[in-house]
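Visitor: What follows is my_file-v2.cif, mmCIF, C-alpha atoms.
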```cif
data_upload
loop_
_atom_site.group_PDB
_atom_site.id
_atom_site.type_symbol
_atom_site.label_atom_id
_atom_site.label_comp_id
_atom_site.auth_asym_id
_atom_site.auth_seq_id
_atom_site.Cartn_x
_atom_site.Cartn_y
_atom_site.Cartn_z
ATOM 1 C CA MET E 946 -28.631 -0.427 5.618
ATOM 2 C CA ASN E 947 -29.850 -2.430 2.643
ATOM 3 C CA GLY E 948 -31.413 -2.032 -0.760
ATOM 4 C CA THR E 949 -31.584 -3.532 -4.208
ATOM 5 C CA GLY E 950 -27.902 -2.843 -4.923
ATOM 6 C CA VAL E 951 -26.536 -4.953 -2.074
ATOM 7 C CA PRO E 952 -26.731 -8.717 -1.542
ATOM 8 C CA VAL E 953 -27.382 -8.525 2.221
ATOM 9 C CA PRO E 954 -27.983 -5.782 4.810
ATOM 10 C CA PHE E 955 -24.746 -4.014 5.741
ATOM 11 C CA GLU E 956 -23.205 -1.499 8.134
ATOM 12 C CA ILE E 957 -20.564 1.104 7.344
ATOM 13 C CA GLU E 958 -17.397 -0.116 9.063
ATOM 14 C CA ALA E 959 -14.821 2.225 7.494
ATOM 15 C CA VAL E 960 -14.694 5.345 5.329
ATOM 16 C CA PHE E 961 -11.687 6.285 3.178
ATOM 17 C CA ASP E 962 -11.413 9.855 1.869
ATOM 18 C CA SER E 963 -10.246 10.183 -1.721
ATOM 19 C CA ALA E 964 -9.225 12.981 -4.051
ATOM 20 C CA ASN E 965 -9.965 10.658 -6.994
ATOM 21 C CA PRO E 966 -12.745 8.242 -5.972
ATOM 22 C CA LEU E 967 -13.202 6.584 -9.377
ATOM 23 C CA ARG E 968 -9.502 5.765 -9.713
ATOM 24 C CA ASP E 969 -9.250 4.589 -6.108
ATOM 25 C CA GLU E 970 -12.346 2.415 -6.439
ATOM 26 C CA GLN E 971 -10.866 0.801 -9.569
ATOM 27 C CA LYS E 972 -7.554 0.226 -7.772
ATOM 28 C CA VAL E 973 -9.256 -1.396 -4.790
ATOM 29 C CA HIS E 974 -11.365 -3.602 -7.064
ATOM 30 C CA GLN E 975 -8.244 -4.726 -8.934
ATOM 31 C CA PHE E 976 -6.367 -5.258 -5.656
ATOM 32 C CA LEU E 977 -9.220 -7.364 -4.229
ATOM 33 C CA GLY E 978 -9.883 -9.149 -7.525
ATOM 34 C CA GLU E 979 -9.117 -12.624 -6.232
ATOM 35 C CA ASN E 980 -11.825 -12.169 -3.568
ATOM 36 C CA ARG E 981 -14.571 -11.131 -6.008
ATOM 37 C CA LEU E 982 -17.730 -13.234 -5.647
ATOM 38 C CA ASN E 983 -18.855 -12.740 -9.235
ATOM 39 C CA SER E 984 -16.897 -11.168 -12.086
ATOM 40 C CA ASN E 985 -19.947 -9.072 -13.036
ATOM 41 C CA ARG E 986 -20.578 -7.644 -9.559
ATOM 42 C CA GLU E 987 -18.706 -5.475 -7.062
ATOM 43 C CA PHE E 988 -18.992 -7.836 -4.089
ATOM 44 C CA PHE E 989 -16.039 -9.467 -2.381
ATOM 45 C CA SER E 990 -15.700 -12.255 0.153
ATOM 46 C CA LEU E 991 -13.224 -11.597 2.967
ATOM 47 C CA ASP E 992 -13.380 -10.868 6.684
ATOM 48 C CA LEU E 993 -13.660 -7.270 7.913
ATOM 49 C CA ARG E 994 -10.137 -6.985 9.344
ATOM 50 C CA THR E 995 -8.613 -8.273 6.100
ATOM 51 C CA ALA E 996 -10.856 -6.077 3.936
ATOM 52 C CA VAL E 997 -9.965 -2.871 5.785
ATOM 53 C CA GLN E 998 -6.264 -3.740 5.906
ATOM 54 C CA ARG E 999 -6.200 -4.570 2.185
ATOM 55 C CA VAL E 1000 -7.783 -1.188 1.336
ATOM 56 C CA ILE E 1001 -5.201 0.538 3.581
ATOM 57 C CA ASP E 1002 -2.448 -1.396 1.793
ATOM 58 C CA CYS E 1003 -3.870 -0.543 -1.626
ATOM 59 C CA LEU E 1004 -4.437 3.190 -1.076
ATOM 60 C CA ASN E 1005 -1.809 3.783 1.624
ATOM 61 C CA ILE E 1006 -4.215 5.835 3.705
ATOM 62 C CA TYR E 1007 -5.944 5.155 6.976
ATOM 63 C CA PRO E 1008 -9.720 5.438 7.157
ATOM 64 C CA SER E 1009 -11.189 8.798 8.124
ATOM 65 C CA TYR E 1010 -13.856 6.798 9.983
ATOM 66 C CA LEU E 1011 -13.368 3.375 11.520
ATOM 67 C CA LYS E 1012 -16.207 1.858 13.522
ATOM 68 C CA ASN E 1013 -13.768 -0.358 15.450
ATOM 69 C CA PRO E 1014 -10.256 1.185 15.501
ATOM 70 C CA ASP E 1015 -8.802 -1.972 17.064
ATOM 71 C CA ILE E 1016 -9.018 -3.855 13.780
ATOM 72 C CA VAL E 1017 -5.996 -2.021 12.330
ATOM 73 C CA LYS E 1018 -2.657 -0.971 13.776
ATOM 74 C CA LYS E 1019 -0.477 1.876 12.593
ATOM 75 C CA ASP E 1020 3.203 1.256 11.895
ATOM 76 C CA PHE E 1021 5.840 2.456 14.338
ATOM 77 C CA VAL E 1022 9.432 3.369 13.520
ATOM 78 C CA GLY E 1023 11.142 0.360 11.998
ATOM 79 C CA ALA E 1024 7.955 -1.692 11.698
ATOM 80 C CA THR E 1025 8.203 -4.451 9.138
ATOM 81 C CA THR E 1026 4.548 -4.924 8.263
ATOM 82 C CA LYS E 1027 3.722 -4.445 4.603
ATOM 83 C CA LYS E 1028 1.658 -1.278 4.566
ATOM 84 C CA PHE E 1029 2.206 0.803 1.517
ATOM 85 C CA ASP E 1030 1.341 1.055 -2.086
ATOM 86 C CA PRO E 1031 4.008 2.159 -4.524
ATOM 87 C CA VAL E 1032 1.482 3.674 -6.908
ATOM 88 C CA LEU E 1033 0.104 6.452 -4.744
ATOM 89 C CA HIS E 1034 3.315 7.448 -3.073
ATOM 90 C CA SER E 1035 6.887 7.274 -4.199
ATOM 91 C CA PHE E 1036 6.241 5.753 -7.580
ATOM 92 C CA SER E 1037 3.311 7.851 -8.695
ATOM 93 C CA LEU E 1038 5.707 10.773 -8.900
ATOM 94 C CA ILE E 1039 7.739 8.919 -11.491
ATOM 95 C CA ASP E 1040 5.416 6.688 -13.464
ATOM 96 C CA ASN E 1041 1.710 7.548 -13.527
ATOM 97 C CA ALA E 1042 1.186 4.576 -15.835
ATOM 98 C CA LEU E 1043 1.207 2.378 -12.718
ATOM 99 C CA VAL E 1044 -2.015 3.958 -11.460
ATOM 100 C CA ASP E 1045 -4.101 2.825 -14.427
ATOM 101 C CA TRP E 1046 -2.026 -0.174 -15.499
ATOM 102 C CA GLN E 1047 -3.832 -2.891 -17.419
ATOM 103 C CA PRO E 1048 -2.158 -5.929 -19.023
ATOM 104 C CA GLU E 1049 -1.687 -5.683 -22.772
ATOM 105 C CA THR E 1050 -0.289 -9.145 -23.447
ATOM 106 C CA LYS E 1051 -0.856 -12.665 -22.190
ATOM 107 C CA ASN E 1052 2.536 -12.597 -20.438
ATOM 108 C CA GLU E 1053 1.715 -9.335 -18.663
ATOM 109 C CA ALA E 1054 -1.605 -10.800 -17.501
ATOM 110 C CA ALA E 1055 0.058 -13.904 -16.032
ATOM 111 C CA PRO E 1056 0.692 -13.998 -12.275
ATOM 112 C CA ALA E 1057 3.921 -12.366 -11.087
ATOM 113 C CA THR E 1058 6.861 -14.746 -11.381
ATOM 114 C CA ASP E 1059 8.549 -16.279 -8.346
ATOM 115 C CA GLU E 1060 11.619 -14.140 -9.054
ATOM 116 C CA GLN E 1061 9.527 -10.945 -9.159
ATOM 117 C CA VAL E 1062 7.643 -11.869 -5.993
ATOM 118 C CA THR E 1063 10.871 -12.688 -4.127
ATOM 119 C CA ARG E 1064 12.507 -9.409 -5.098
ATOM 120 C CA LEU E 1065 9.427 -7.307 -4.314
ATOM 121 C CA ASP E 1066 8.845 -9.141 -1.023
ATOM 122 C CA ARG E 1067 12.380 -8.197 0.083
ATOM 123 C CA HIS E 1068 11.326 -4.568 -0.329
ATOM 124 C CA GLY E 1069 8.157 -4.915 1.714
ATOM 125 C CA PHE E 1070 5.553 -5.238 -1.043
ATOM 126 C CA ASP E 1071 2.508 -7.440 -0.660
ATOM 127 C CA THR E 1072 2.259 -8.825 -4.190
ATOM 128 C CA THR E 1073 -0.930 -10.782 -3.613
ATOM 129 C CA GLY E 1074 -2.859 -10.798 -6.878
ATOM 130 C CA TRP E 1075 -0.177 -8.900 -8.823
ATOM 131 C CA LYS E 1076 0.252 -9.584 -12.514
ATOM 132 C CA SER E 1077 3.670 -10.102 -14.076
ATOM 133 C CA GLY E 1078 3.495 -6.912 -16.154
ATOM 134 C CA TYR E 1079 2.570 -4.776 -13.142
ATOM 135 C CA ALA E 1080 5.295 -6.376 -11.015
ATOM 136 C CA GLN E 1081 7.847 -5.650 -13.743
ATOM 137 C CA LYS E 1082 6.782 -1.999 -13.995
ATOM 138 C CA VAL E 1083 7.215 -1.609 -10.215
ATOM 139 C CA LEU E 1084 10.630 -3.304 -10.407
ATOM 140 C CA ASP E 1085 11.640 -0.970 -13.257
ATOM 141 C CA VAL E 1086 10.696 2.060 -11.143
ATOM 142 C CA MET E 1087 12.580 0.603 -8.153
ATOM 143 C CA ASP E 1088 15.672 0.173 -10.334
ATOM 144 C CA TRP E 1089 15.351 3.753 -11.594
ATOM 145 C CA ARG E 1090 15.014 5.020 -8.000
ATOM 146 C CA PHE E 1091 18.102 3.016 -7.008
ATOM 147 C CA ASP E 1092 20.090 4.488 -9.911
ATOM 148 C CA GLN E 1093 18.983 7.984 -8.785
ATOM 149 C CA ASN E 1094 20.045 7.197 -5.179
ATOM 150 C CA LEU E 1095 16.488 7.784 -3.918
ATOM 151 C CA ALA E 1096 15.022 6.278 -0.744
ATOM 152 C CA THR E 1097 14.133 2.590 -0.815
ATOM 153 C CA PRO E 1098 10.518 1.404 -0.658
ATOM 154 C CA ARG E 1099 10.931 0.396 3.021
ATOM 155 C CA GLN E 1100 12.417 3.792 3.880
ATOM 156 C CA VAL E 1101 9.596 5.571 2.058
ATOM 157 C CA ARG E 1102 6.944 3.508 3.867
ATOM 158 C CA CYS E 1103 8.482 4.073 7.294
ATOM 159 C CA LEU E 1104 8.918 7.805 6.761
ATOM 160 C CA LEU E 1105 5.428 8.300 5.305
ATOM 161 C CA ASN E 1106 3.968 6.456 8.290
ATOM 162 C CA ASN E 1107 5.912 8.755 10.597
ATOM 163 C CA GLY E 1108 4.669 11.990 9.061
ATOM 164 C CA TYR E 1109 7.235 12.780 6.349
ATOM 165 C CA PRO E 1110 5.181 13.465 3.193
ATOM 166 C CA ASP E 1111 8.311 14.240 1.161
ATOM 167 C CA ALA E 1112 9.844 10.800 1.849
ATOM 168 C CA GLN E 1113 9.579 9.748 -1.793
ATOM 169 C CA THR E 1114 11.916 12.569 -2.869
ATOM 170 C CA MET E 1115 14.585 11.926 -0.224
ATOM 171 C CA THR E 1116 17.898 10.332 -1.087
ATOM 172 C CA ARG E 1117 18.812 7.068 0.649
ATOM 173 C CA MET E 1118 21.321 8.982 2.785
ATOM 174 C CA GLU E 1119 18.728 11.601 3.817
ATOM 175 C CA ALA E 1120 16.204 8.852 4.577
ATOM 176 C CA ASN E 1121 18.775 6.969 6.692
ATOM 177 C CA ALA E 1122 19.625 10.099 8.664
ATOM 178 C CA THR E 1123 15.940 10.900 9.240
ATOM 179 C CA MET E 1124 15.186 7.332 10.318
ATOM 180 C CA ASP E 1125 18.172 7.346 12.662
ATOM 181 C CA GLU E 1126 16.840 10.528 14.267
ATOM 182 C CA LEU E 1127 13.366 8.972 14.567
ATOM 183 C CA SER E 1128 14.885 5.923 16.239
ATOM 184 C CA ARG E 1129 16.803 8.076 18.720
ATOM 185 C CA GLU E 1130 13.614 10.034 19.556
ATOM 186 C CA TYR E 1131 11.643 6.804 19.927
ATOM 187 C CA GLU E 1132 14.235 5.319 22.301
ATOM 188 C CA LYS E 1133 14.417 8.548 24.308
ATOM 189 C CA ASN E 1134 10.614 8.624 24.665
ATOM 190 C CA ARG E 1135 10.515 4.939 25.572
ATOM 191 C CA LYS E 1136 13.099 5.446 28.327
ATOM 192 C CA ASN E 1137 11.231 8.485 29.649
ATOM 193 C CA ARG E 1138 8.004 6.466 29.869
ATOM 194 C CA LYS E 1139 9.749 3.791 31.965
ATOM 195 C CA ARG E 1140 10.769 6.319 34.631
#
```
Let me see whether you can do it: turn the structure in this file into structure tokens.
Guide:
Amino acid sequence: MNGTGVPVPFEIEAVFDSANPLRDEQKVHQFLGENRLNSNREFFSLDLRTAVQRVIDCLNIYPSYLKNPDIVKKDFVGATTKKFDPVLHSFSLIDNALVDWQPETKNEAAPATDEQVTRLDRHGFDTTGWKSGYAQKVLDVMDWRFDQNLATPRQVRCLLNNGYPDAQTMTRMEANATMDELSREYEKNRKNRKR
């Protein structure tokens, strides 16, 4: 497929369904900003595997169509890969300002600080390309969730990836109990497969 709106012929490798395509497109463009070829155009330079994985990370959804399914792997119980976006899941329930966040000051537009990156990394966030103001908003929501005894970002990610759409509203204790049950089921199934 090619035309005047594309720099080179292309093939459709993945399709992501969206309830809000304009917002999701803007989020993906912001998320991939460091890979943009030209600030005036919507073209990015990165390999296919990375591109698809970055969109999954940004939107926290798997493609509805994937030409080569082997280029991505789904998380299993307890997986430690960074595969979730706070905006669309647990945090969008609390602070919709994260969805459309834009820096308002020079400090907010600066790259996330080492301290912010370290703290967010401990919670499983991929902060590549994050701005300081955005990182601080996410940290503020994390602190609020902690004060409310709600599930941690890692718990939310694991539970969402294992089919629990209400993970973002669970308490840490409920999330722990659910994850423990998932682990027991996983071990039981693993032992049964070995027989």
Visitor: In Å, rounded to a single decimal, give me how far CA of Ile1006 (chain E) is from CA of Pro966 (chain E).
Guide: 13.1 Å
Visitor: In Å, how far is it from CA of Glu958 (chain E) to CA of Lys1012 (chain E)?
Guide: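 Spanning CA of Glu958 (chain E) to CA of Lys1012 (chain E) is a straight-line distance of 5.0 Å.
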Visitor: Once the PyMOL selection byres ((chain E and resi 1054) around 12) is applied to the coordinates I shared, what remains selected? I want it as a list in words.
Guide: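 That expression, the PyMOL selection byres ((chain E and resi 1054) around 12), corresponds here to Trp1046, Gln1047, Pro1048, Glu1049, Thr1050, Lys1051, Asn1052, Glu1053, Ala1055, Pro1056, Ala1057, Thr1058, Gly1074, Trp1075, Lys1076, Ser1077, Gly1078, Tyr1079, Ala1080 and Gln1081 of chain E.
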Visitor: Just want the 10 Å neighbourhood of region 1093-1096 of chain E, counted on all atoms listed in the file, with same-chain residues fewer than 6 positions away dropped. Output as a VMD selection string.
Guide: chain E and resid 1035 1087 1102 1104 1112 to 1121
Visitor: Would you kindly return, as a list in words, each protein, DNA or RNA residue with an atom no farther than 10 Å from any atom of Leu1065 (chain E), considering all atoms listed in the file and excluding same-chain residues fewer than 4 positions away?
Guide: Asp1059, Glu1060, Gln1061, Gly1069, Phe1070, Asp1071, Thr1072, Ala1080, Gln1081, Val1083, Leu1084, Met1087 and Pro1098 of chain E
Visitor: Write to file, as a PDB file, keeping the file's coordinate frame, the residues of the selection just made, with C-alpha atoms.
Guide:
```pdb
ATOM      1  CA  ASP E1059       8.549 -16.279  -8.346  1.00  0.00           C
ATOM      2  CA  GLU E1060      11.619 -14.140  -9.054  1.00  0.00           C
ATOM      3  CA  GLN E1061       9.527 -10.945  -9.159  1.00  0.00           C
ATOM      4  CA  GLY E1069       8.157  -4.915   1.714  1.00  0.00           C
ATOM      5  CA  PHE E1070       5.553  -5.238  -1.043  1.00  0.00           C
ATOM      6  CA  ASP E1071       2.508  -7.440  -0.660  1.00  0.00           C
ATOM      7  CA  THR E1072       2.259  -8.825  -4.190  1.00  0.00           C
ATOM      8  CA  ALA E1080       5.295  -6.376 -11.015  1.00  0.00           C
ATOM      9  CA  GLN E1081       7.847  -5.650 -13.743  1.00  0.00           C
ATOM     10  CA  VAL E1083       7.215  -1.609 -10.215  1.00  0.00           C
ATOM     11  CA  LEU E1084      10.630  -3.304 -10.407  1.00  0.00           C
ATOM     12  CA  MET E1087      12.580   0.603  -8.153  1.00  0.00           C
ATOM     13  CA  PRO E1098      10.518   1.404  -0.658  1.00  0.00           C
TER      14      PRO E1098
END
```
Visitor: Could you give me, as a list in words, the residues within 10 Å of Val1017 (chain E), counting only C-alpha atoms and dropping anything in the same chain fewer than 2 positions from it?
Guide: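 Residues near the query, excluding close chain neighbours: Arg994, Thr995, Val997, Gln998, Ile1001, Tyr1007, Pro1008, Leu1011, Asn1013, Pro1014, Asp1015, Lys1019 and Asp1020 of chain E.
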Visitor: Distance CA of Asp1088 (chain E)-CA of Met1124 (chain E), one decimal place?
Guide: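 Between CA of Asp1088 (chain E) and CA of Met1124 (chain E) the gap works out to 21.9 Å.
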Visitor: Between E:Ile957, E:Glu1126, E:Thr1063, E:Asp1085, which is the closest to Tyr1010 (chain E) once you count all atoms listed in the file?
Guide: E:Ile957
